[in-house]
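Structure file run.pdb; described as PDB, C-alpha atoms and all ligand atoms.
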```
ATOM      1  CA  MET A   1    -278.912 105.626 168.842  1.00  0.00           C
ATOM      2  CA  LEU A   2    -275.993 103.224 168.568  1.00  0.00           C
ATOM      3  CA  LEU A   3    -274.803 104.386 171.978  1.00  0.00           C
ATOM      4  CA  ASN A   4    -278.248 103.607 173.393  1.00  0.00           C
ATOM      5  CA  LEU A   5    -277.989 100.069 172.073  1.00  0.00           C
ATOM      6  CA  LEU A   6    -274.559  99.567 173.564  1.00  0.00           C
ATOM      7  CA  LEU A   7    -275.355 101.205 176.884  1.00  0.00           C
ATOM      8  CA  PRO A   8    -278.923 100.565 177.988  1.00  0.00           C
ATOM      9  CA  SER A   9    -280.084 103.539 179.989  1.00  0.00           C
ATOM     10  CA  ARG A  10    -280.594 103.391 183.705  1.00  0.00           C
ATOM     11  CA  CYS A  11    -283.401 105.037 185.649  1.00  0.00           C
ATOM     12  CA  ALA A  12    -282.265 108.439 186.946  1.00  0.00           C
ATOM     13  CA  GLY A  13    -284.193 107.783 190.167  1.00  0.00           C
ATOM     14  CA  CYS A  14    -283.405 104.180 191.139  1.00  0.00           C
ATOM     15  CA  ASP A  15    -280.672 103.076 188.715  1.00  0.00           C
ATOM     16  CA  THR A  16    -282.545 100.052 187.336  1.00  0.00           C
ATOM     17  CA  ARG A  17    -281.856  99.274 183.690  1.00  0.00           C
ATOM     18  CA  GLY A  18    -284.449 100.277 181.121  1.00  0.00           C
ATOM     19  CA  ALA A  19    -286.122 103.642 180.665  1.00  0.00           C
ATOM     20  CA  PRO A  20    -284.387 106.950 181.526  1.00  0.00           C
ATOM     21  CA  VAL A  21    -286.965 107.218 184.320  1.00  0.00           C
ATOM     22  CA  CYS A  22    -288.822 104.001 185.231  1.00  0.00           C
ATOM     23  CA  SER A  23    -292.597 103.991 185.601  1.00  0.00           C
ATOM     24  CA  ALA A  24    -292.424 103.803 189.420  1.00  0.00           C
ATOM     25  CA  CYS A  25    -290.063 106.776 189.658  1.00  0.00           C
ATOM     26  CA  SER A  26    -292.149 108.743 187.134  1.00  0.00           C
ATOM     27  CA  ARG A  27    -294.927 108.817 189.715  1.00  0.00           C
ATOM     28  CA  VAL A  28    -293.048 111.000 192.237  1.00  0.00           C
ATOM     29  CA  TRP A  29    -294.307 114.172 190.552  1.00  0.00           C
ATOM     30  CA  GLY A  30    -297.561 115.160 192.187  1.00  0.00           C
ATOM     31  CA  THR A  31    -300.057 117.937 191.665  1.00  0.00           C
ATOM     32  CA  PRO A  32    -298.839 121.507 192.282  1.00  0.00           C
ATOM     33  CA  THR A  33    -298.581 122.248 196.010  1.00  0.00           C
ATOM     34  CA  PRO A  34    -298.323 125.841 197.278  1.00  0.00           C
ATOM     35  CA  VAL A  35    -294.862 126.824 198.479  1.00  0.00           C
ATOM     36  CA  SER A  36    -294.544 129.686 200.954  1.00  0.00           C
ATOM     37  CA  ARG A  37    -291.284 131.585 201.150  1.00  0.00           C
ATOM     38  CA  ALA A  38    -290.712 135.046 202.630  1.00  0.00           C
ATOM     39  CA  PRO A  39    -289.265 136.643 199.449  1.00  0.00           C
ATOM     40  CA  LEU A  40    -292.306 135.489 197.442  1.00  0.00           C
ATOM     41  CA  ALA A  41    -294.948 136.595 199.949  1.00  0.00           C
ATOM     42  CA  ASN A  42    -297.241 139.259 198.456  1.00  0.00           C
ATOM     43  CA  LEU A  43    -295.525 138.786 195.104  1.00  0.00           C
ATOM     44  CA  VAL A  44    -297.007 135.745 193.318  1.00  0.00           C
ATOM     45  CA  PRO A  45    -298.230 132.274 194.276  1.00  0.00           C
ATOM     46  CA  ALA A  46    -295.528 129.613 193.954  1.00  0.00           C
ATOM     47  CA  TYR A  47    -295.993 125.886 193.485  1.00  0.00           C
ATOM     48  CA  ALA A  48    -293.825 122.782 193.465  1.00  0.00           C
ATOM     49  CA  LEU A  49    -294.582 119.231 192.343  1.00  0.00           C
ATOM     50  CA  ALA A  50    -292.500 117.353 194.908  1.00  0.00           C
ATOM     51  CA  ARG A  51    -290.157 117.830 197.830  1.00  0.00           C
ATOM     52  CA  TYR A  52    -286.450 118.097 197.285  1.00  0.00           C
ATOM     53  CA  GLU A  53    -285.675 114.670 198.731  1.00  0.00           C
ATOM     54  CA  GLY A  54    -285.462 110.992 197.820  1.00  0.00           C
ATOM     55  CA  VAL A  55    -286.195 109.830 194.283  1.00  0.00           C
ATOM     56  CA  ALA A  56    -287.364 113.223 193.002  1.00  0.00           C
ATOM     57  CA  LYS A  57    -284.139 114.878 194.167  1.00  0.00           C
ATOM     58  CA  ARG A  58    -282.019 112.110 192.616  1.00  0.00           C
ATOM     59  CA  ILE A  59    -283.817 112.440 189.271  1.00  0.00           C
ATOM     60  CA  LEU A  60    -283.226 116.189 189.144  1.00  0.00           C
ATOM     61  CA  ILE A  61    -279.569 115.932 190.158  1.00  0.00           C
ATOM     62  CA  THR A  62    -278.966 113.223 187.571  1.00  0.00           C
ATOM     63  CA  TYR A  63    -280.563 115.411 184.906  1.00  0.00           C
ATOM     64  CA  LYS A  64    -278.801 118.578 185.963  1.00  0.00           C
ATOM     65  CA  GLU A  65    -275.348 117.535 187.084  1.00  0.00           C
ATOM     66  CA  ARG A  66    -274.721 114.452 184.960  1.00  0.00           C
ATOM     67  CA  GLY A  67    -275.929 115.842 181.653  1.00  0.00           C
ATOM     68  CA  ARG A  68    -278.684 113.230 181.282  1.00  0.00           C
ATOM     69  CA  ARG A  69    -280.761 114.949 178.596  1.00  0.00           C
ATOM     70  CA  ASP A  70    -282.844 111.801 178.229  1.00  0.00           C
ATOM     71  CA  VAL A  71    -284.499 112.710 181.550  1.00  0.00           C
ATOM     72  CA  ALA A  72    -285.847 116.006 180.148  1.00  0.00           C
ATOM     73  CA  PRO A  73    -289.008 114.499 178.567  1.00  0.00           C
ATOM     74  CA  THR A  74    -290.134 113.055 181.921  1.00  0.00           C
ATOM     75  CA  LEU A  75    -289.546 116.329 183.777  1.00  0.00           C
ATOM     76  CA  GLY A  76    -291.114 118.456 181.050  1.00  0.00           C
ATOM     77  CA  ARG A  77    -294.131 116.158 181.016  1.00  0.00           C
ATOM     78  CA  ALA A  78    -294.492 116.539 184.815  1.00  0.00           C
ATOM     79  CA  LEU A  79    -294.555 120.336 184.401  1.00  0.00           C
ATOM     80  CA  ALA A  80    -297.125 120.034 181.612  1.00  0.00           C
ATOM     81  CA  THR A  81    -299.379 117.873 183.772  1.00  0.00           C
ATOM     82  CA  ALA A  82    -299.051 120.455 186.544  1.00  0.00           C
ATOM     83  CA  LEU A  83    -300.032 123.336 184.270  1.00  0.00           C
ATOM     84  CA  SER A  84    -303.022 121.386 183.006  1.00  0.00           C
ATOM     85  CA  SER A  85    -304.114 120.687 186.571  1.00  0.00           C
ATOM     86  CA  PHE A  86    -304.189 124.396 187.413  1.00  0.00           C
ATOM     87  CA  ALA A  87    -307.710 124.501 186.045  1.00  0.00           C
ATOM     88  CA  ALA A  88    -308.770 122.662 189.215  1.00  0.00           C
ATOM     89  CA  VAL A  89    -307.000 125.060 191.613  1.00  0.00           C
ATOM     90  CA  PRO A  90    -309.502 127.774 192.652  1.00  0.00           C
ATOM     91  CA  SER A  91    -307.011 130.652 192.395  1.00  0.00           C
ATOM     92  CA  PHE A  92    -306.082 129.424 188.932  1.00  0.00           C
ATOM     93  CA  ALA A  93    -309.555 128.828 187.615  1.00  0.00           C
ATOM     94  CA  ALA A  94    -308.968 131.741 185.259  1.00  0.00           C
ATOM     95  CA  LEU A  95    -306.056 129.821 183.739  1.00  0.00           C
ATOM     96  CA  SER A  96    -308.298 127.095 182.395  1.00  0.00           C
ATOM     97  CA  SER A  97    -309.153 126.743 178.742  1.00  0.00           C
ATOM     98  CA  GLY A  98    -310.655 129.703 176.933  1.00  0.00           C
ATOM     99  CA  THR A  99    -308.204 132.124 178.534  1.00  0.00           C
ATOM    100  CA  PRO A 100    -304.991 133.473 176.969  1.00  0.00           C
ATOM    101  CA  PRO A 101    -302.196 130.948 176.446  1.00  0.00           C
ATOM    102  CA  TRP A 102    -299.423 130.495 178.954  1.00  0.00           C
ATOM    103  CA  CYS A 103    -295.957 131.775 178.434  1.00  0.00           C
ATOM    104  CA  LEU A 104    -293.176 130.073 180.344  1.00  0.00           C
ATOM    105  CA  VAL A 105    -290.174 132.146 181.368  1.00  0.00           C
ATOM    106  CA  PRO A 106    -287.370 129.792 182.437  1.00  0.00           C
ATOM    107  CA  ALA A 107    -285.279 130.780 185.454  1.00  0.00           C
ATOM    108  CA  PRO A 108    -281.935 131.468 183.760  1.00  0.00           C
ATOM    109  CA  SER A 109    -278.890 129.242 184.072  1.00  0.00           C
ATOM    110  CA  ARG A 110    -275.467 130.745 184.525  1.00  0.00           C
ATOM    111  CA  ARG A 111    -273.537 130.448 181.282  1.00  0.00           C
ATOM    112  CA  THR A 112    -270.664 128.547 182.907  1.00  0.00           C
ATOM    113  CA  ALA A 113    -273.114 126.148 184.559  1.00  0.00           C
ATOM    114  CA  SER A 114    -274.944 125.744 181.235  1.00  0.00           C
ATOM    115  CA  ARG A 115    -271.736 124.661 179.551  1.00  0.00           C
ATOM    116  CA  THR A 116    -271.081 121.856 182.018  1.00  0.00           C
ATOM    117  CA  ARG A 117    -274.746 120.839 182.043  1.00  0.00           C
ATOM    118  CA  GLY A 118    -275.112 120.728 178.268  1.00  0.00           C
ATOM    119  CA  GLY A 119    -277.214 123.856 177.766  1.00  0.00           C
ATOM    120  CA  PRO A 120    -279.768 125.858 179.766  1.00  0.00           C
ATOM    121  CA  HIS A 121    -281.394 123.015 181.686  1.00  0.00           C
ATOM    122  CA  VAL A 122    -284.573 124.770 182.876  1.00  0.00           C
ATOM    123  CA  GLN A 123    -285.253 126.189 179.426  1.00  0.00           C
ATOM    124  CA  ARG A 124    -285.096 122.698 177.938  1.00  0.00           C
ATOM    125  CA  LEU A 125    -287.766 121.508 180.402  1.00  0.00           C
ATOM    126  CA  ALA A 126    -289.918 124.556 179.636  1.00  0.00           C
ATOM    127  CA  GLU A 127    -289.679 123.734 175.925  1.00  0.00           C
ATOM    128  CA  VAL A 128    -290.786 120.128 176.449  1.00  0.00           C
ATOM    129  CA  CYS A 129    -293.644 121.342 178.644  1.00  0.00           C
ATOM    130  CA  ALA A 130    -294.677 124.068 176.185  1.00  0.00           C
ATOM    131  CA  ARG A 131    -294.862 121.623 173.278  1.00  0.00           C
ATOM    132  CA  ARG A 132    -297.269 119.453 175.261  1.00  0.00           C
ATOM    133  CA  VAL A 133    -299.620 122.187 176.471  1.00  0.00           C
ATOM    134  CA  GLY A 134    -299.353 124.639 173.569  1.00  0.00           C
ATOM    135  CA  ALA A 135    -297.601 127.360 175.573  1.00  0.00           C
ATOM    136  CA  TYR A 136    -294.922 129.843 174.574  1.00  0.00           C
ATOM    137  CA  VAL A 137    -291.391 129.864 175.983  1.00  0.00           C
ATOM    138  CA  ALA A 138    -289.847 133.292 176.480  1.00  0.00           C
ATOM    139  CA  PRO A 139    -286.183 133.336 177.553  1.00  0.00           C
ATOM    140  CA  ALA A 140    -286.627 136.857 178.944  1.00  0.00           C
ATOM    141  CA  LEU A 141    -284.099 136.555 181.759  1.00  0.00           C
ATOM    142  CA  THR A 142    -280.348 136.110 181.671  1.00  0.00           C
ATOM    143  CA  LEU A 143    -277.795 135.709 184.406  1.00  0.00           C
ATOM    144  CA  LYS A 144    -274.348 137.184 183.932  1.00  0.00           C
ATOM    145  CA  GLY A 145    -271.511 137.008 186.417  1.00  0.00           C
ATOM    146  CA  GLY A 146    -271.953 136.054 190.063  1.00  0.00           C
ATOM    147  CA  ARG A 147    -271.499 132.428 191.069  1.00  0.00           C
ATOM    148  CA  ASP A 148    -273.550 129.256 191.231  1.00  0.00           C
ATOM    149  CA  ALA A 149    -276.092 129.536 194.057  1.00  0.00           C
ATOM    150  CA  VAL A 150    -275.410 126.073 195.493  1.00  0.00           C
ATOM    151  CA  GLY A 151    -274.531 126.311 199.180  1.00  0.00           C
ATOM    152  CA  LEU A 152    -275.319 130.012 199.587  1.00  0.00           C
ATOM    153  CA  SER A 153    -277.505 131.398 202.384  1.00  0.00           C
ATOM    154  CA  ARG A 154    -280.577 133.497 201.625  1.00  0.00           C
ATOM    155  CA  ALA A 155    -278.707 136.779 202.139  1.00  0.00           C
ATOM    156  CA  GLU A 156    -275.774 135.562 200.046  1.00  0.00           C
ATOM    157  CA  ARG A 157    -278.107 134.435 197.263  1.00  0.00           C
ATOM    158  CA  ALA A 158    -279.818 137.819 197.199  1.00  0.00           C
ATOM    159  CA  ARG A 159    -276.449 139.614 197.005  1.00  0.00           C
ATOM    160  CA  ASN A 160    -275.240 137.135 194.390  1.00  0.00           C
ATOM    161  CA  LEU A 161    -278.222 137.934 192.179  1.00  0.00           C
ATOM    162  CA  GLU A 162    -278.059 141.704 192.547  1.00  0.00           C
ATOM    163  CA  GLY A 163    -276.961 143.246 189.327  1.00  0.00           C
ATOM    164  CA  HIS A 164    -276.521 139.854 187.632  1.00  0.00           C
ATOM    165  CA  LEU A 165    -280.095 139.065 186.636  1.00  0.00           C
ATOM    166  CA  HIS A 166    -281.079 140.930 183.485  1.00  0.00           C
ATOM    167  CA  TYR A 167    -284.221 141.352 181.476  1.00  0.00           C
ATOM    168  CA  THR A 168    -283.632 140.460 177.817  1.00  0.00           C
ATOM    169  CA  PRO A 169    -286.070 142.379 175.573  1.00  0.00           C
ATOM    170  CA  SER A 170    -285.535 139.939 172.663  1.00  0.00           C
ATOM    171  CA  GLY A 171    -287.033 137.186 174.847  1.00  0.00           C
ATOM    172  CA  ARG A 172    -290.100 139.198 175.867  1.00  0.00           C
ATOM    173  CA  PRO A 173    -293.292 137.157 176.354  1.00  0.00           C
ATOM    174  CA  PRO A 174    -295.848 137.675 173.545  1.00  0.00           C
ATOM    175  CA  PRO A 175    -298.509 140.253 174.506  1.00  0.00           C
ATOM    176  CA  GLY A 176    -301.685 138.850 176.025  1.00  0.00           C
ATOM    177  CA  THR A 177    -300.111 135.688 177.442  1.00  0.00           C
ATOM    178  CA  ARG A 178    -300.179 134.591 181.069  1.00  0.00           C
ATOM    179  CA  VAL A 179    -296.645 134.466 182.305  1.00  0.00           C
ATOM    180  CA  VAL A 180    -295.381 131.666 184.534  1.00  0.00           C
ATOM    181  CA  VAL A 181    -291.796 131.586 185.813  1.00  0.00           C
ATOM    182  CA  VAL A 182    -290.477 128.016 185.693  1.00  0.00           C
ATOM    183  CA  ASP A 183    -287.627 126.809 187.886  1.00  0.00           C
ATOM    184  CA  ASP A 184    -286.143 123.485 188.943  1.00  0.00           C
ATOM    185  CA  VAL A 185    -285.908 123.931 192.720  1.00  0.00           C
ATOM    186  CA  ILE A 186    -287.283 126.544 195.109  1.00  0.00           C
ATOM    187  CA  THR A 187    -284.959 126.817 198.098  1.00  0.00           C
ATOM    188  CA  THR A 188    -285.030 130.190 199.843  1.00  0.00           C
ATOM    189  CA  GLY A 189    -287.304 131.667 197.182  1.00  0.00           C
ATOM    190  CA  ALA A 190    -284.785 134.465 196.544  1.00  0.00           C
ATOM    191  CA  THR A 191    -284.089 133.432 192.953  1.00  0.00           C
ATOM    192  CA  SER A 192    -287.764 133.073 192.030  1.00  0.00           C
ATOM    193  CA  ALA A 193    -288.584 136.400 193.668  1.00  0.00           C
ATOM    194  CA  ALA A 194    -285.744 138.109 191.795  1.00  0.00           C
ATOM    195  CA  CYS A 195    -287.020 136.659 188.497  1.00  0.00           C
ATOM    196  CA  VAL A 196    -290.559 137.901 189.186  1.00  0.00           C
ATOM    197  CA  THR A 197    -289.343 141.345 190.269  1.00  0.00           C
ATOM    198  CA  THR A 198    -287.044 141.748 187.259  1.00  0.00           C
ATOM    199  CA  LEU A 199    -289.949 140.936 184.928  1.00  0.00           C
ATOM    200  CA  LYS A 200    -292.260 143.225 186.873  1.00  0.00           C
ATOM    201  CA  ASN A 201    -289.774 146.094 186.546  1.00  0.00           C
ATOM    202  CA  ALA A 202    -289.849 145.499 182.783  1.00  0.00           C
ATOM    203  CA  GLY A 203    -293.639 145.850 182.830  1.00  0.00           C
ATOM    204  CA  ILE A 204    -294.414 142.129 182.677  1.00  0.00           C
ATOM    205  CA  LYS A 205    -296.982 140.737 185.069  1.00  0.00           C
ATOM    206  CA  VAL A 206    -296.188 137.253 186.373  1.00  0.00           C
ATOM    207  CA  THR A 207    -299.083 134.955 187.294  1.00  0.00           C
ATOM    208  CA  ALA A 208    -297.201 132.252 189.185  1.00  0.00           C
ATOM    209  CA  VAL A 209    -293.927 130.479 189.824  1.00  0.00           C
ATOM    210  CA  VAL A 210    -293.882 126.740 189.183  1.00  0.00           C
ATOM    211  CA  ALA A 211    -290.937 124.585 190.203  1.00  0.00           C
ATOM    212  CA  LEU A 212    -290.391 120.846 190.017  1.00  0.00           C
ATOM    213  CA  LEU A 213    -289.166 120.719 193.599  1.00  0.00           C
ATOM    214  CA  ALA A 214    -289.113 122.729 196.802  1.00  0.00           C
ATOM    215  CA  THR A 215    -286.792 122.137 199.714  1.00  0.00           C
ATOM    216  CA  VAL A 216    -288.578 120.804 202.792  1.00  0.00           C
TER
HETATM  217 ZN    ZN B 301    -286.709 104.193 188.857  1.00  0.00          ZN
END
```
Could I get this file's structure written as structure tokens?
Ligand SMILES: [Zn+2]
Amino acid sequence: MLLNLLLPSRCAGCDTRGAPVCSACSRVWGTPTPVSRAPLANLVPAYALARYEGVAKRILITYKERGRRDVAPTLGRALATALSSFAAVPSFAALSSGTPPWCLVPAPSRRTASRTRGGPHVQRLAEVCARRVGAYVAPALTLKGGRDAVGLSRAERARNLEGHLHYTPSGRPPPGTRVVVVDDVITTGATSAACVTTLKNAGIKVTAVVALLATV
């Protein structure tokens, strides 16, 4: 609190003083747009709220790489708005009110990356989102070993994930919920597909993948 008084926060998107994300930059998150990627084809529908460029990209990088936890409420709120808007998407009509609650499974962060980023960054967003829409959060996936995926090609990412992504029974989604895998960025789609497949192999049906951003 005292620190906030001494150092007024700057917008993660445009660097103006004031809110962690100013009102103009908060508007970059749109409605969920379908994302098509080869690894996800015939698996589950995937959606993103913005393209991985400009202000949206800067906000995410500031949150993720600079440990700006104060950006989490804005990003979690954007995910919550997206989930709520699924009622209007024809293929998601069944997800509207009156159906089982959602359960968000965060794409796992590597433990080493989590340490430098101040905790599992996607899980924190899922928790903010879940509080707003009354969903569950199930940390059912963990990543052990391998390396950070930044800069890897699709084939390298797939190899990097092999044997490192694990299903964690203690984080199993509650029975009867509709499971959505949440991620920050969809690039090649390999990570999302691996998350969905790992859950599927554990007998858990995934309804969709929702990410904040997708590369162009
Ligand atoms: Zn701004």
| field | Selection result of the PyMOL selection byres (((chain A and resi 67-77) around 8) and not hetatm) on this file, as a ChimeraX atom specification | value | /A:12,20-21,26,59,62-66,78-81,116-118,124-129,132,212
Go through chain A residue by residue and, counting all atoms listed in the file, keep those with an atom at most 9 Å from ligand ZN 301 (chain B); for each kept residue give the shortest atom pair and its distance in Å to one decimal, ordered by chain and increasing number, as JSON lines.
```
{"residue": "A:Arg10", "atom": "CA", "partner": "B:ZN301", "partner_atom": "ZN", "distance": 8.0}
{"residue": "A:Cys11", "atom": "CA", "partner": "B:ZN301", "partner_atom": "ZN", "distance": 4.7}
{"residue": "A:Ala12", "atom": "CA", "partner": "B:ZN301", "partner_atom": "ZN", "distance": 6.4}
{"residue": "A:Gly13", "atom": "CA", "partner": "B:ZN301", "partner_atom": "ZN", "distance": 4.6}
{"residue": "A:Cys14", "atom": "CA", "partner": "B:ZN301", "partner_atom": "ZN", "distance": 4.0}
{"residue": "A:Asp15", "atom": "CA", "partner": "B:ZN301", "partner_atom": "ZN", "distance": 6.1}
{"residue": "A:Thr16", "atom": "CA", "partner": "B:ZN301", "partner_atom": "ZN", "distance": 6.1}
{"residue": "A:Arg17", "atom": "CA", "partner": "B:ZN301", "partner_atom": "ZN", "distance": 8.6}
{"residue": "A:Gly18", "atom": "CA", "partner": "B:ZN301", "partner_atom": "ZN", "distance": 9.0}
{"residue": "A:Ala19", "atom": "CA", "partner": "B:ZN301", "partner_atom": "ZN", "distance": 8.2}
{"residue": "A:Pro20", "atom": "CA", "partner": "B:ZN301", "partner_atom": "ZN", "distance": 8.2}
{"residue": "A:Val21", "atom": "CA", "partner": "B:ZN301", "partner_atom": "ZN", "distance": 5.5}
{"residue": "A:Cys22", "atom": "CA", "partner": "B:ZN301", "partner_atom": "ZN", "distance": 4.2}
{"residue": "A:Ser23", "atom": "CA", "partner": "B:ZN301", "partner_atom": "ZN", "distance": 6.7}
{"residue": "A:Ala24", "atom": "CA", "partner": "B:ZN301", "partner_atom": "ZN", "distance": 5.8}
{"residue": "A:Cys25", "atom": "CA", "partner": "B:ZN301", "partner_atom": "ZN", "distance": 4.3}
{"residue": "A:Ser26", "atom": "CA", "partner": "B:ZN301", "partner_atom": "ZN", "distance": 7.3}
{"residue": "A:Val55", "atom": "CA", "partner": "B:ZN301", "partner_atom": "ZN", "distance": 7.8}
{"residue": "A:Ile59", "atom": "CA", "partner": "B:ZN301", "partner_atom": "ZN", "distance": 8.7}
```
| remark: note - atom CA of A:Pro108 and atom CA of A:His164 are separated by 10.7 Å
| task | Tell me which of A:Arg172, A:Ala138, A:Val180, A:Arg58 sits closest to A:Gly203, counting all atoms listed in the file. | result |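 Between A:Arg172, A:Ala138, A:Val180, A:Arg58, the residue approaching A:Gly203 most closely is A:Arg172.
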| task | Would you write out, as a ChimeraX atom specification, every residue that the PyMOL selection byres (((chain A and resi 100-104) around 7) and not hetatm) captures in this file? | result | /A:98-99,105-106,126,135-138,173,176-182
| task | Go ahead and compute the interatomic distance for atom CA of A:Ser85 and atom CA of A:Pro34, in Å to one decimal. | result |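 So the answer is 13.2 Å.
Distance annotation: of A:Gly134, A:Gly54, A:Pro174, A:Pro39, the residue with the minimal separation from A:Thr187 is A:Pro39; atom set is all atoms listed in the file.
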| note | One decimal place gives the atom CA of A:His121-atom CA of A:Leu213 separation as 14.4 Å
| query | Quick one: of A:Arg131, A:Tyr52, A:Asp183, A:Pro45, who's nearest to A:Ser109, counting only C-alpha atoms? | reply |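 Comparing A:Arg131, A:Tyr52, A:Asp183, A:Pro45 against A:Ser109, the winner is A:Asp183.
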| remark: Judged by only C-alpha atoms, the minimum distance to A:Gly163 among A:Ile186, A:Ala194, A:Val216, A:Ala140 is found for A:Ala194
| request: Select, from A:Thr142, A:Ser9, A:Asn201, A:Asn42, the residue with the minimum atom-to-atom distance to A:Gly171, counting only C-alpha atoms. | output: A:Thr142
| query | Smallest atom-to-atom distance to A:Thr168: which of A:Val185, A:Ala202, A:Val196, A:Ala214, using all atoms listed in the file? | reply | A:Ala202
